[in-house]
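**Q** So here's run_32.cif (mmCIF, N, CA and C atoms and all ligand atoms).
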data_coords
#
loop_
_atom_site.group_PDB
_atom_site.id
_atom_site.type_symbol
_atom_site.label_atom_id
_atom_site.label_comp_id
_atom_site.auth_asym_id
_atom_site.auth_seq_id
_atom_site.Cartn_x
_atom_site.Cartn_y
_atom_site.Cartn_z
ATOM 1 N N MET A 299 17.748 14.511 -16.585
ATOM 2 C CA MET A 299 17.742 14.600 -15.109
ATOM 3 C C MET A 299 16.792 15.702 -14.662
ATOM 4 N N LYS A 300 15.529 15.407 -14.679
ATOM 5 C CA LYS A 300 14.571 16.419 -14.280
ATOM 6 C C LYS A 300 13.886 15.974 -13.000
ATOM 7 N N ILE A 301 13.810 16.886 -12.056
ATOM 8 C CA ILE A 301 13.146 16.525 -10.795
ATOM 9 C C ILE A 301 11.676 16.904 -10.839
ATOM 10 N N ASN A 302 10.860 15.965 -10.449
ATOM 11 C CA ASN A 302 9.424 16.165 -10.360
ATOM 12 C C ASN A 302 9.103 16.557 -8.915
ATOM 13 N N LYS A 303 9.168 17.858 -8.673
ATOM 14 C CA LYS A 303 9.017 18.343 -7.294
ATOM 15 C C LYS A 303 7.656 17.990 -6.725
ATOM 16 N N GLU A 304 6.643 18.112 -7.565
ATOM 17 C CA GLU A 304 5.293 17.813 -7.095
ATOM 18 C C GLU A 304 5.205 16.376 -6.589
ATOM 19 N N TRP A 305 5.771 15.478 -7.379
ATOM 20 C CA TRP A 305 5.713 14.074 -6.990
ATOM 21 C C TRP A 305 6.464 13.853 -5.678
ATOM 22 N N HIS A 306 7.624 14.457 -5.579
ATOM 23 C CA HIS A 306 8.412 14.283 -4.365
ATOM 24 C C HIS A 306 7.695 14.831 -3.138
ATOM 25 N N ARG A 307 7.008 15.936 -3.330
ATOM 26 C CA ARG A 307 6.268 16.515 -2.210
ATOM 27 C C ARG A 307 5.170 15.565 -1.750
ATOM 28 N N ALA A 308 4.536 14.927 -2.711
ATOM 29 C CA ALA A 308 3.406 14.047 -2.387
ATOM 30 C C ALA A 308 3.847 12.646 -1.984
ATOM 31 N N ASN A 309 5.083 12.309 -2.264
ATOM 32 C CA ASN A 309 5.548 10.945 -2.014
ATOM 33 C C ASN A 309 6.860 10.922 -1.254
ATOM 34 N N ARG A 310 6.761 11.220 0.001
ATOM 35 C CA ARG A 310 7.982 11.178 0.794
ATOM 36 C C ARG A 310 8.251 9.754 1.266
ATOM 37 N N MET A 311 9.522 9.434 1.345
ATOM 38 C CA MET A 311 9.916 8.135 1.886
ATOM 39 C C MET A 311 9.574 8.129 3.382
ATOM 40 N N PRO A 312 8.937 7.069 3.863
ATOM 41 C CA PRO A 312 8.636 7.005 5.303
ATOM 42 C C PRO A 312 9.913 7.083 6.143
ATOM 43 N N LYS A 313 9.753 7.464 7.386
ATOM 44 C CA LYS A 313 10.909 7.645 8.262
ATOM 45 C C LYS A 313 11.730 6.370 8.418
ATOM 46 N N ASN A 314 11.070 5.266 8.734
ATOM 47 C CA ASN A 314 11.777 3.988 8.851
ATOM 48 C C ASN A 314 11.210 3.010 7.830
ATOM 49 N N PRO A 315 11.617 3.177 6.596
ATOM 50 C CA PRO A 315 10.992 2.400 5.525
ATOM 51 C C PRO A 315 11.313 0.919 5.614
ATOM 52 N N THR A 316 10.305 0.092 5.358
ATOM 53 C CA THR A 316 10.546 -1.334 5.221
ATOM 54 C C THR A 316 11.105 -1.558 3.817
ATOM 55 N N THR A 317 11.560 -2.762 3.569
ATOM 56 C CA THR A 317 12.063 -3.057 2.223
ATOM 57 C C THR A 317 10.966 -2.809 1.192
ATOM 58 N N ASP A 318 9.744 -3.233 1.507
ATOM 59 C CA ASP A 318 8.640 -3.006 0.577
ATOM 60 C C ASP A 318 8.378 -1.524 0.351
ATOM 61 N N ASP A 319 8.455 -0.740 1.431
ATOM 62 C CA ASP A 319 8.283 0.704 1.284
ATOM 63 C C ASP A 319 9.304 1.256 0.291
ATOM 64 N N ARG A 320 10.526 0.842 0.473
ATOM 65 C CA ARG A 320 11.607 1.337 -0.386
ATOM 66 C C ARG A 320 11.390 0.924 -1.830
ATOM 67 N N ILE A 321 11.065 -0.345 -2.003
ATOM 68 C CA ILE A 321 10.853 -0.846 -3.355
ATOM 69 C C ILE A 321 9.718 -0.097 -4.040
ATOM 70 N N ASN A 322 8.582 -0.001 -3.321
ATOM 71 C CA ASN A 322 7.442 0.689 -3.918
ATOM 72 C C ASN A 322 7.765 2.136 -4.242
ATOM 73 N N TRP A 323 8.479 2.771 -3.341
ATOM 74 C CA TRP A 323 8.844 4.164 -3.564
ATOM 75 C C TRP A 323 9.701 4.292 -4.831
ATOM 76 N N HIS A 324 10.676 3.423 -4.939
ATOM 77 C CA HIS A 324 11.585 3.523 -6.083
ATOM 78 C C HIS A 324 10.903 3.184 -7.405
ATOM 79 N N ILE A 325 9.990 2.213 -7.377
ATOM 80 C CA ILE A 325 9.275 1.877 -8.604
ATOM 81 C C ILE A 325 8.432 3.070 -9.047
ATOM 82 N N GLU A 326 7.694 3.651 -8.102
ATOM 83 C CA GLU A 326 6.873 4.811 -8.439
ATOM 84 C C GLU A 326 7.753 5.993 -8.837
ATOM 85 N N HIS A 327 8.843 6.143 -8.125
ATOM 86 C CA HIS A 327 9.747 7.243 -8.428
ATOM 87 C C HIS A 327 10.260 7.159 -9.865
ATOM 88 N N ALA A 328 10.686 5.943 -10.260
ATOM 89 C CA ALA A 328 11.230 5.767 -11.605
ATOM 90 C C ALA A 328 10.187 6.096 -12.671
ATOM 91 N N LYS A 329 8.913 5.871 -12.350
ATOM 92 C CA LYS A 329 7.847 6.163 -13.311
ATOM 93 C C LYS A 329 7.586 7.653 -13.423
ATOM 94 N N ASN A 330 7.811 8.355 -12.318
ATOM 95 C CA ASN A 330 7.357 9.743 -12.255
ATOM 96 C C ASN A 330 8.450 10.786 -12.286
ATOM 97 N N CYS A 331 9.659 10.372 -12.071
ATOM 98 C CA CYS A 331 10.728 11.343 -11.898
ATOM 99 C C CYS A 331 12.043 10.721 -12.326
ATOM 100 N N SER A 332 12.936 11.560 -12.808
ATOM 101 C CA SER A 332 14.235 11.029 -13.228
ATOM 102 C C SER A 332 15.373 11.820 -12.604
ATOM 103 N N CYS A 333 15.157 12.286 -11.378
ATOM 104 C CA CYS A 333 16.190 13.109 -10.745
ATOM 105 C C CYS A 333 17.403 12.276 -10.361
ATOM 106 N N ARG A 334 17.191 10.991 -10.160
ATOM 107 C CA ARG A 334 18.349 10.151 -9.858
ATOM 108 C C ARG A 334 18.071 8.718 -10.296
ATOM 109 N N LYS A 335 19.146 8.005 -10.516
ATOM 110 C CA LYS A 335 19.009 6.615 -10.929
ATOM 111 C C LYS A 335 18.780 5.727 -9.724
ATOM 112 N N MET A 336 18.155 4.613 -10.008
ATOM 113 C CA MET A 336 17.961 3.617 -8.983
ATOM 114 C C MET A 336 19.326 3.008 -8.662
ATOM 115 N N SER A 337 19.601 2.794 -7.386
ATOM 116 C CA SER A 337 20.885 2.182 -7.065
ATOM 117 C C SER A 337 20.858 0.711 -7.470
ATOM 118 N N LYS A 338 22.044 0.182 -7.682
ATOM 119 C CA LYS A 338 22.156 -1.214 -8.104
ATOM 120 C C LYS A 338 21.517 -2.139 -7.079
ATOM 121 N N LYS A 339 21.731 -1.811 -5.824
ATOM 122 C CA LYS A 339 21.206 -2.620 -4.718
ATOM 123 C C LYS A 339 19.673 -2.657 -4.771
ATOM 124 N N ILE A 340 19.075 -1.490 -4.911
ATOM 125 C CA ILE A 340 17.611 -1.418 -4.980
ATOM 126 C C ILE A 340 17.100 -2.216 -6.173
ATOM 127 N N LEU A 341 17.764 -2.044 -7.296
ATOM 128 C CA LEU A 341 17.347 -2.747 -8.502
ATOM 129 C C LEU A 341 17.411 -4.264 -8.304
ATOM 130 N N GLU A 342 18.447 -4.716 -7.623
ATOM 131 C CA GLU A 342 18.569 -6.156 -7.338
ATOM 132 C C GLU A 342 17.401 -6.642 -6.490
ATOM 133 N N ILE A 343 17.078 -5.878 -5.467
ATOM 134 C CA ILE A 343 15.978 -6.276 -4.575
ATOM 135 C C ILE A 343 14.657 -6.278 -5.344
ATOM 136 N N ILE A 344 14.460 -5.257 -6.157
ATOM 137 C CA ILE A 344 13.225 -5.186 -6.934
ATOM 138 C C ILE A 344 13.114 -6.384 -7.862
ATOM 139 N N ARG A 345 14.210 -6.745 -8.494
ATOM 140 C CA ARG A 345 14.161 -7.865 -9.436
ATOM 141 C C ARG A 345 13.921 -9.197 -8.737
ATOM 142 N N GLU A 346 14.355 -9.298 -7.485
ATOM 143 C CA GLU A 346 14.057 -10.507 -6.720
ATOM 144 C C GLU A 346 12.560 -10.629 -6.477
ATOM 145 N N LYS A 347 11.950 -9.494 -6.163
ATOM 146 C CA LYS A 347 10.524 -9.504 -5.816
ATOM 147 C C LYS A 347 9.636 -9.385 -7.039
ATOM 148 N N HIS A 348 10.135 -8.731 -8.056
ATOM 149 C CA HIS A 348 9.348 -8.519 -9.264
ATOM 150 C C HIS A 348 10.153 -9.000 -10.471
ATOM 151 N N PRO A 349 10.202 -10.304 -10.672
ATOM 152 C CA PRO A 349 10.985 -10.796 -11.814
ATOM 153 C C PRO A 349 10.440 -10.187 -13.107
ATOM 154 N N GLY A 350 11.357 -9.759 -13.939
ATOM 155 C CA GLY A 350 10.933 -9.183 -15.200
ATOM 156 C C GLY A 350 10.815 -7.675 -15.150
ATOM 157 N N TYR A 351 10.968 -7.093 -13.962
ATOM 158 C CA TYR A 351 10.902 -5.643 -13.874
ATOM 159 C C TYR A 351 12.027 -5.030 -14.689
ATOM 160 N N LYS A 352 11.652 -4.046 -15.502
ATOM 161 C CA LYS A 352 12.661 -3.413 -16.347
ATOM 162 C C LYS A 352 12.847 -1.963 -15.963
ATOM 163 N N ASN A 353 14.076 -1.597 -15.861
ATOM 164 C CA ASN A 353 14.404 -0.196 -15.634
ATOM 165 C C ASN A 353 15.761 0.069 -16.259
ATOM 166 N N ASP A 354 15.718 0.855 -17.298
ATOM 167 C CA ASP A 354 16.963 1.126 -18.021
ATOM 168 C C ASP A 354 17.719 2.308 -17.450
ATOM 169 N N GLY A 355 17.026 3.084 -16.637
ATOM 170 C CA GLY A 355 17.652 4.293 -16.164
ATOM 171 C C GLY A 355 18.617 4.080 -15.131
HETATM 172 ZN ZN ZN B 401 13.053 12.290 -8.111
#
Once more with this new file: its structure as structure tokens, please.
Ligand SMILES: [Zn+2]
**A**
Amino acid sequence: MKINKEWHRANRMPKNPTTDDRINWHIEHAKNCSCRKMSKKILEIIREKHPGYKNDG
């Protein structure tokens, strides 16, 4: 559980994120930081849009 502060500073979630904003943010977040796990809901949405997406965390 390590937070990548630099990444978070450079990648803030938009104020009123669209579903795509959220998905993209979480995909990039999972690649760059492990401060928190992806919620089940987000993972479901990502898998709908990106079949085959893998995230074990
Ligand atoms: Zn993080």
**Q** List all protein, DNA and RNA residues that have an atom no more than 7 Å from any atom of ligand ZN 401 (chain B), counting all atoms listed in the file, and report them as a PDB file with N, CA and C atoms, in the coordinates of the input.
**A**
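Printed below is selection00.pdb as written:
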ATOM      1  N   LYS A 300      15.529  15.407 -14.679  1.00  0.00           N
ATOM      2  CA  LYS A 300      14.571  16.419 -14.280  1.00  0.00           C
ATOM      3  C   LYS A 300      13.886  15.974 -13.000  1.00  0.00           C
ATOM      4  N   ILE A 301      13.810  16.886 -12.056  1.00  0.00           N
ATOM      5  CA  ILE A 301      13.146  16.525 -10.795  1.00  0.00           C
ATOM      6  C   ILE A 301      11.676  16.904 -10.839  1.00  0.00           C
ATOM      7  N   ASN A 302      10.860  15.965 -10.449  1.00  0.00           N
ATOM      8  CA  ASN A 302       9.424  16.165 -10.360  1.00  0.00           C
ATOM      9  C   ASN A 302       9.103  16.557  -8.915  1.00  0.00           C
ATOM     10  N   LYS A 303       9.168  17.858  -8.673  1.00  0.00           N
ATOM     11  CA  LYS A 303       9.017  18.343  -7.294  1.00  0.00           C
ATOM     12  C   LYS A 303       7.656  17.990  -6.725  1.00  0.00           C
ATOM     13  N   HIS A 306       7.624  14.457  -5.579  1.00  0.00           N
ATOM     14  CA  HIS A 306       8.412  14.283  -4.365  1.00  0.00           C
ATOM     15  C   HIS A 306       7.695  14.831  -3.138  1.00  0.00           C
ATOM     16  N   HIS A 327       8.843   6.143  -8.125  1.00  0.00           N
ATOM     17  CA  HIS A 327       9.747   7.243  -8.428  1.00  0.00           C
ATOM     18  C   HIS A 327      10.260   7.159  -9.865  1.00  0.00           C
ATOM     19  N   ASN A 330       7.811   8.355 -12.318  1.00  0.00           N
ATOM     20  CA  ASN A 330       7.357   9.743 -12.255  1.00  0.00           C
ATOM     21  C   ASN A 330       8.450  10.786 -12.286  1.00  0.00           C
ATOM     22  N   CYS A 331       9.659  10.372 -12.071  1.00  0.00           N
ATOM     23  CA  CYS A 331      10.728  11.343 -11.898  1.00  0.00           C
ATOM     24  C   CYS A 331      12.043  10.721 -12.326  1.00  0.00           C
ATOM     25  N   SER A 332      12.936  11.560 -12.808  1.00  0.00           N
ATOM     26  CA  SER A 332      14.235  11.029 -13.228  1.00  0.00           C
ATOM     27  C   SER A 332      15.373  11.820 -12.604  1.00  0.00           C
ATOM     28  N   CYS A 333      15.157  12.286 -11.378  1.00  0.00           N
ATOM     29  CA  CYS A 333      16.190  13.109 -10.745  1.00  0.00           C
ATOM     30  C   CYS A 333      17.403  12.276 -10.361  1.00  0.00           C
ATOM     31  N   ARG A 334      17.191  10.991 -10.160  1.00  0.00           N
ATOM     32  CA  ARG A 334      18.349  10.151  -9.858  1.00  0.00           C
ATOM     33  C   ARG A 334      18.071   8.718 -10.296  1.00  0.00           C
TER      34      ARG A 334
END
**Q** Quick check, in Å to one decimal: how far apart do atom N of A:Ile340 and atom C of A:Asn314 lie?
**A**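 So the two atoms, atom N of A:Ile340 and atom C of A:Asn314, lie 15.6 Å apart.
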**Q** From the options A:Pro312, A:Arg320, A:Met299, A:Lys329, which residue's atoms come nearest to A:Leu341, counting only C-alpha atoms?
**A** A:Arg320
**Q** Provide an axis-aligned box for all listed atoms of stretch 303-308 of chain A, padding each side by 5 Å; report its centre and its edge lengths in Å to one decimal, as lines of an AutoDock Vina configuration file.
**A**
center_x = 6.3
center_y = 15.5
center_z = -5.2
size_x = 15.8
size_y = 15.7
size_z = 16.9
**Q** Given the file above and the PyMOL selection byres (((chain A and resi 351 and name CA) around 12) and not hetatm and name CA), which residues are selected, and can you give them as a list in words?
**A**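 Applied to this file, the PyMOL selection byres (((chain A and resi 351 and name CA) around 12) and not hetatm and name CA) selects Ile321, Ile325, Ala328, Ile340, Leu341, Glu342, Ile343, Ile344, Arg345, Glu346, Lys347, His348, Pro349, Gly350, Lys352, Asn353 and Asp354 of chain A.
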**Q** Between atom N of A:Lys335 and atom N of A:Asp319, what is the distance in Å, rounded to a tenth?
**A**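 Between atom N of A:Lys335 and atom N of A:Asp319 the gap is 18.3 Å.
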**Q** Separation of atom N of A:Thr316 and atom C of A:Glu304, in Å?
**A**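 So the two atoms, atom N of A:Thr316 and atom C of A:Glu304, lie 20.8 Å apart.
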**Q** Write down as a ChimeraX atom specification the residues of stretch 303-352 of chain A whose backbone DSSP state falls under alpha helix (DSSP H).
**A** /A:303-308,317-330,338-347
**Q** Write a file of the just-selected residues containing N, CA and C atoms, as a PDB file, in the coordinates of the input.
**A**
ATOM      1  N   LYS A 303       9.168  17.858  -8.673  1.00  0.00           N
ATOM      2  CA  LYS A 303       9.017  18.343  -7.294  1.00  0.00           C
ATOM      3  C   LYS A 303       7.656  17.990  -6.725  1.00  0.00           C
ATOM      4  N   GLU A 304       6.643  18.112  -7.565  1.00  0.00           N
ATOM      5  CA  GLU A 304       5.293  17.813  -7.095  1.00  0.00           C
ATOM      6  C   GLU A 304       5.205  16.376  -6.589  1.00  0.00           C
ATOM      7  N   TRP A 305       5.771  15.478  -7.379  1.00  0.00           N
ATOM      8  CA  TRP A 305       5.713  14.074  -6.990  1.00  0.00           C
ATOM      9  C   TRP A 305       6.464  13.853  -5.678  1.00  0.00           C
ATOM     10  N   HIS A 306       7.624  14.457  -5.579  1.00  0.00           N
ATOM     11  CA  HIS A 306       8.412  14.283  -4.365  1.00  0.00           C
ATOM     12  C   HIS A 306       7.695  14.831  -3.138  1.00  0.00           C
ATOM     13  N   ARG A 307       7.008  15.936  -3.330  1.00  0.00           N
ATOM     14  CA  ARG A 307       6.268  16.515  -2.210  1.00  0.00           C
ATOM     15  C   ARG A 307       5.170  15.565  -1.750  1.00  0.00           C
ATOM     16  N   ALA A 308       4.536  14.927  -2.711  1.00  0.00           N
ATOM     17  CA  ALA A 308       3.406  14.047  -2.387  1.00  0.00           C
ATOM     18  C   ALA A 308       3.847  12.646  -1.984  1.00  0.00           C
ATOM     19  N   THR A 317      11.560  -2.762   3.569  1.00  0.00           N
ATOM     20  CA  THR A 317      12.063  -3.057   2.223  1.00  0.00           C
ATOM     21  C   THR A 317      10.966  -2.809   1.192  1.00  0.00           C
ATOM     22  N   ASP A 318       9.744  -3.233   1.507  1.00  0.00           N
ATOM     23  CA  ASP A 318       8.640  -3.006   0.577  1.00  0.00           C
ATOM     24  C   ASP A 318       8.378  -1.524   0.351  1.00  0.00           C
ATOM     25  N   ASP A 319       8.455  -0.740   1.431  1.00  0.00           N
ATOM     26  CA  ASP A 319       8.283   0.704   1.284  1.00  0.00           C
ATOM     27  C   ASP A 319       9.304   1.256   0.291  1.00  0.00           C
ATOM     28  N   ARG A 320      10.526   0.842   0.473  1.00  0.00           N
ATOM     29  CA  ARG A 320      11.607   1.337  -0.386  1.00  0.00           C
ATOM     30  C   ARG A 320      11.390   0.924  -1.830  1.00  0.00           C
ATOM     31  N   ILE A 321      11.065  -0.345  -2.003  1.00  0.00           N
ATOM     32  CA  ILE A 321      10.853  -0.846  -3.355  1.00  0.00           C
ATOM     33  C   ILE A 321       9.718  -0.097  -4.040  1.00  0.00           C
ATOM     34  N   ASN A 322       8.582  -0.001  -3.321  1.00  0.00           N
ATOM     35  CA  ASN A 322       7.442   0.689  -3.918  1.00  0.00           C
ATOM     36  C   ASN A 322       7.765   2.136  -4.242  1.00  0.00           C
ATOM     37  N   TRP A 323       8.479   2.771  -3.341  1.00  0.00           N
ATOM     38  CA  TRP A 323       8.844   4.164  -3.564  1.00  0.00           C
ATOM     39  C   TRP A 323       9.701   4.292  -4.831  1.00  0.00           C
ATOM     40  N   HIS A 324      10.676   3.423  -4.939  1.00  0.00           N
ATOM     41  CA  HIS A 324      11.585   3.523  -6.083  1.00  0.00           C
ATOM     42  C   HIS A 324      10.903   3.184  -7.405  1.00  0.00           C
ATOM     43  N   ILE A 325       9.990   2.213  -7.377  1.00  0.00           N
ATOM     44  CA  ILE A 325       9.275   1.877  -8.604  1.00  0.00           C
ATOM     45  C   ILE A 325       8.432   3.070  -9.047  1.00  0.00           C
ATOM     46  N   GLU A 326       7.694   3.651  -8.102  1.00  0.00           N
ATOM     47  CA  GLU A 326       6.873   4.811  -8.439  1.00  0.00           C
ATOM     48  C   GLU A 326       7.753   5.993  -8.837  1.00  0.00           C
ATOM     49  N   HIS A 327       8.843   6.143  -8.125  1.00  0.00           N
ATOM     50  CA  HIS A 327       9.747   7.243  -8.428  1.00  0.00           C
ATOM     51  C   HIS A 327      10.260   7.159  -9.865  1.00  0.00           C
ATOM     52  N   ALA A 328      10.686   5.943 -10.260  1.00  0.00           N
ATOM     53  CA  ALA A 328      11.230   5.767 -11.605  1.00  0.00           C
ATOM     54  C   ALA A 328      10.187   6.096 -12.671  1.00  0.00           C
ATOM     55  N   LYS A 329       8.913   5.871 -12.350  1.00  0.00           N
ATOM     56  CA  LYS A 329       7.847   6.163 -13.311  1.00  0.00           C
ATOM     57  C   LYS A 329       7.586   7.653 -13.423  1.00  0.00           C
ATOM     58  N   ASN A 330       7.811   8.355 -12.318  1.00  0.00           N
ATOM     59  CA  ASN A 330       7.357   9.743 -12.255  1.00  0.00           C
ATOM     60  C   ASN A 330       8.450  10.786 -12.286  1.00  0.00           C
ATOM     61  N   LYS A 338      22.044   0.182  -7.682  1.00  0.00           N
ATOM     62  CA  LYS A 338      22.156  -1.214  -8.104  1.00  0.00           C
ATOM     63  C   LYS A 338      21.517  -2.139  -7.079  1.00  0.00           C
ATOM     64  N   LYS A 339      21.731  -1.811  -5.824  1.00  0.00           N
ATOM     65  CA  LYS A 339      21.206  -2.620  -4.718  1.00  0.00           C
ATOM     66  C   LYS A 339      19.673  -2.657  -4.771  1.00  0.00           C
ATOM     67  N   ILE A 340      19.075  -1.490  -4.911  1.00  0.00           N
ATOM     68  CA  ILE A 340      17.611  -1.418  -4.980  1.00  0.00           C
ATOM     69  C   ILE A 340      17.100  -2.216  -6.173  1.00  0.00           C
ATOM     70  N   LEU A 341      17.764  -2.044  -7.296  1.00  0.00           N
ATOM     71  CA  LEU A 341      17.347  -2.747  -8.502  1.00  0.00           C
ATOM     72  C   LEU A 341      17.411  -4.264  -8.304  1.00  0.00           C
ATOM     73  N   GLU A 342      18.447  -4.716  -7.623  1.00  0.00           N
ATOM     74  CA  GLU A 342      18.569  -6.156  -7.338  1.00  0.00           C
ATOM     75  C   GLU A 342      17.401  -6.642  -6.490  1.00  0.00           C
ATOM     76  N   ILE A 343      17.078  -5.878  -5.467  1.00  0.00           N
ATOM     77  CA  ILE A 343      15.978  -6.276  -4.575  1.00  0.00           C
ATOM     78  C   ILE A 343      14.657  -6.278  -5.344  1.00  0.00           C
ATOM     79  N   ILE A 344      14.460  -5.257  -6.157  1.00  0.00           N
ATOM     80  CA  ILE A 344      13.225  -5.186  -6.934  1.00  0.00           C
ATOM     81  C   ILE A 344      13.114  -6.384  -7.862  1.00  0.00           C
ATOM     82  N   ARG A 345      14.210  -6.745  -8.494  1.00  0.00           N
ATOM     83  CA  ARG A 345      14.161  -7.865  -9.436  1.00  0.00           C
ATOM     84  C   ARG A 345      13.921  -9.197  -8.737  1.00  0.00           C
ATOM     85  N   GLU A 346      14.355  -9.298  -7.485  1.00  0.00           N
ATOM     86  CA  GLU A 346      14.057 -10.507  -6.720  1.00  0.00           C
ATOM     87  C   GLU A 346      12.560 -10.629  -6.477  1.00  0.00           C
ATOM     88  N   LYS A 347      11.950  -9.494  -6.163  1.00  0.00           N
ATOM     89  CA  LYS A 347      10.524  -9.504  -5.816  1.00  0.00           C
ATOM     90  C   LYS A 347       9.636  -9.385  -7.039  1.00  0.00           C
TER      91      LYS A 347
END
